[in-house]
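Just below is one structure, and these are the notes that go with it.
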Amino acid sequence: MTRAEVGTSDLLMITFDALRYDVAQSALCAGRTPFLAKVVGGEWECRHSPGNFTYAAHAAYFAGFWPTPVSNGGHKRPFALRFAGSRSVDSATCVVDGDNIVAGLQRLGYRTLCIGGVGFFNKLNPLGNVFPALFEESVWRPEFAVSEVHSAREQVRQAMAMIEESPADQPLFLFVNLSATHPPTHIYVRGASGESTETQAAALAYVDRQLPPLFAKLAERGRGGTAYLMSDHGTLFGENELTGHRVAHPLVWTVPYAEYSWEPGA
């Protein structure tokens, strides 16, 4: 998306919670995520997350600090808050005012919507309300939780309903935190009792099957737009005798990233 299109085109931001880069790329190459292969363009970009667990990464994301290319080399950010001395903005960066990019986009006329997933978006306690409270409208239901095998299906259904209810003459910023790729992912492999790269790949394949209607619904609005797809962090399945995340490990810091745009009227 160009800076000139901000304020007219729709924006979609999806975080695949806890999804490892190697799992995403292997699943794509094996043909297990055919829809994402079309969206991503054949290969996920390898990037580094600013955080090693959900809260830290999303706090950075909503401040405009998205995953950084592993090569860096003067990477410029697509969105940023007005901040003196920032070296990662250029003429193409959409710089907004405020303490988070959600509020900044709202000031530009966007309707801001959040579909929660993992616990940091569940609105069941003060901490679980921090991120949802940034948005004009946010929804979390137990059906979206990490333990629910059809979480992505229900999240997409909710997102589509909110898109349907949104004014056609107002651009959307839709954020979705997909919980299916976060452990427990063994629920996507019959007979599996533990977590592994295989169970996470199966969870991602399930998510891939749920996404086409969401992208089609956004395209129906006729505004054009850009989707930003990323993981917030990876997770460990026994490597170096470690499990989970919130640790400094390359497989936790390294995440998949992609951008996808569609034209008005597409």
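Each chain of the structure tokens is named A, B, ... in the order shown, its residues numbered from 1; ligands are numbered from 1 in display order.
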
Can you build me a table of range 179-256 of chain A residues sitting at most 6 Å from range 10-19 of chain A, with the closest atom pair per residue and its distance in Å to one decimal, using only C-alpha atoms, sorted by chain and residue number, as JSON lines?
{"residue": "A:Ser179", "atom": "CA", "partner": "A:Asp17", "partner_atom": "CA", "distance": 5.6}
{"residue": "A:Thr181", "atom": "CA", "partner": "A:Asp17", "partner_atom": "CA", "distance": 5.8}
{"residue": "A:His182", "atom": "CA", "partner": "A:Ala18", "partner_atom": "CA", "distance": 5.0}
{"residue": "A:Gly225", "atom": "CA", "partner": "A:Asp10", "partner_atom": "CA", "distance": 4.4}
{"residue": "A:Thr226", "atom": "CA", "partner": "A:Leu11", "partner_atom": "CA", "distance": 5.2}
{"residue": "A:Ala227", "atom": "CA", "partner": "A:Leu12", "partner_atom": "CA", "distance": 4.5}
{"residue": "A:Tyr228", "atom": "CA", "partner": "A:Met13", "partner_atom": "CA", "distance": 4.8}
{"residue": "A:Leu229", "atom": "CA", "partner": "A:Ile14", "partner_atom": "CA", "distance": 5.0}
{"residue": "A:Met230", "atom": "CA", "partner": "A:Thr15", "partner_atom": "CA", "distance": 5.0}
{"residue": "A:Ser231", "atom": "CA", "partner": "A:Phe16", "partner_atom": "CA", "distance": 4.7}
{"residue": "A:Asp232", "atom": "CA", "partner": "A:Asp17", "partner_atom": "CA", "distance": 5.8}
{"residue": "A:His233", "atom": "CA", "partner": "A:Ala18", "partner_atom": "CA", "distance": 5.0}
{"residue": "A:Gly234", "atom": "CA", "partner": "A:Ala18", "partner_atom": "CA", "distance": 4.6}
{"residue": "A:Thr235", "atom": "CA", "partner": "A:Ala18", "partner_atom": "CA", "distance": 5.7}

Selected residues written out, N, CA and C atoms, as a JSON list (two decimals), in the first residue's frame:
[["chain", "number", "residue", "atom", "x", "y", "z"],
["A", 179, "SER", "N", -5.73, -17.84, 16.73],
["A", 179, "SER", "CA", -5.23, -18.62, 17.87],
["A", 179, "SER", "C", -4.90, -20.06, 17.52],
["A", 181, "THR", "N", -2.86, -21.60, 15.60],
["A", 181, "THR", "CA", -1.47, -22.03, 15.48],
["A", 181, "THR", "C", -0.71, -21.99, 16.80],
["A", 182, "HIS", "N", -1.36, -21.49, 17.83],
["A", 182, "HIS", "CA", -0.77, -21.49, 19.17],
["A", 182, "HIS", "C", -1.08, -22.82, 19.85],
["A", 225, "GLY", "N", -7.21, -2.82, -1.13],
["A", 225, "GLY", "CA", -6.61, -2.81, 0.19],
["A", 225, "GLY", "C", -5.33, -3.62, 0.24],
["A", 226, "THR", "N", -4.79, -3.72, 1.44],
["A", 226, "THR", "CA", -3.56, -4.46, 1.67],
["A", 226, "THR", "C", -3.71, -5.29, 2.93],
["A", 227, "ALA", "N", -3.24, -6.53, 2.84],
["A", 227, "ALA", "CA", -3.19, -7.42, 4.00],
["A", 227, "ALA", "C", -1.75, -7.57, 4.45],
["A", 228, "TYR", "N", -1.55, -7.49, 5.75],
["A", 228, "TYR", "CA", -0.24, -7.69, 6.36],
["A", 228, "TYR", "C", -0.34, -8.94, 7.22],
["A", 229, "LEU", "N", 0.41, -9.97, 6.84],
["A", 229, "LEU", "CA", 0.35, -11.26, 7.50],
["A", 229, "LEU", "C", 1.66, -11.52, 8.22],
["A", 230, "MET", "N", 1.58, -11.92, 9.48],
["A", 230, "MET", "CA", 2.80, -12.12, 10.26],
["A", 230, "MET", "C", 2.51, -12.99, 11.48],
["A", 231, "SER", "N", 3.56, -13.56, 12.00],
["A", 231, "SER", "CA", 3.48, -14.22, 13.30],
["A", 231, "SER", "C", 4.00, -13.25, 14.35],
["A", 232, "ASP", "N", 3.60, -13.46, 15.59],
["A", 232, "ASP", "CA", 4.13, -12.61, 16.66],
["A", 232, "ASP", "C", 5.42, -13.19, 17.24],
["A", 233, "HIS", "N", 5.55, -14.50, 17.18],
["A", 233, "HIS", "CA", 6.75, -15.18, 17.70],
["A", 233, "HIS", "C", 6.64, -16.64, 17.31],
["A", 234, "GLY", "N", 7.74, -17.36, 17.42],
["A", 234, "GLY", "CA", 7.69, -18.80, 17.23],
["A", 234, "GLY", "C", 7.50, -19.51, 18.56],
["A", 235, "THR", "N", 7.65, -20.81, 18.54],
["A", 235, "THR", "CA", 7.54, -21.58, 19.78],
["A", 235, "THR", "C", 8.42, -22.82, 19.65]]

- [ ] Extract the full set of strand (DSSP E) residues from range 56-190 of chain A according to DSSP on the backbone, and format it as a count of residues only.
- [x] 23

For range 44-129 of chain A against range 134-152 of chain A, with a cut-off of 6 Å and counting only C-alpha atoms, what is the closest atom pair and its distance in Å to one decimal for every residue that makes the cut, ordered by chain and number, as JSON lines?
{"residue": "A:Thr112", "atom": "CA", "partner": "A:Phe135", "partner_atom": "CA", "distance": 5.3}
{"residue": "A:Leu113", "atom": "CA", "partner": "A:Glu137", "partner_atom": "CA", "distance": 5.1}
{"residue": "A:Cys114", "atom": "CA", "partner": "A:Ser138", "partner_atom": "CA", "distance": 4.5}
{"residue": "A:Ile115", "atom": "CA", "partner": "A:Val139", "partner_atom": "CA", "distance": 5.3}
{"residue": "A:Gly116", "atom": "CA", "partner": "A:Trp140", "partner_atom": "CA", "distance": 5.0}
{"residue": "A:Gly117", "atom": "CA", "partner": "A:Phe144", "partner_atom": "CA", "distance": 5.3}
{"residue": "A:Val118", "atom": "CA", "partner": "A:Ala145", "partner_atom": "CA", "distance": 5.8}
{"residue": "A:Asn122", "atom": "CA", "partner": "A:Trp140", "partner_atom": "CA", "distance": 5.5}

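What separates CA of Gly51 in chain A from CA of Trp253 in chain A is a distance of 7.1 Å.
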
Open item on the list: I'd like the neighbourhood of Ile187 in chain A as a PyMOL selection string, where a residue qualifies if any of its atoms comes within 10 Å (using only C-alpha atoms), though same-chain residues fewer than 4 positions away should be ignored.
Closed with: chain A and resi 147-149+180+183+191-195+199-200+202-203
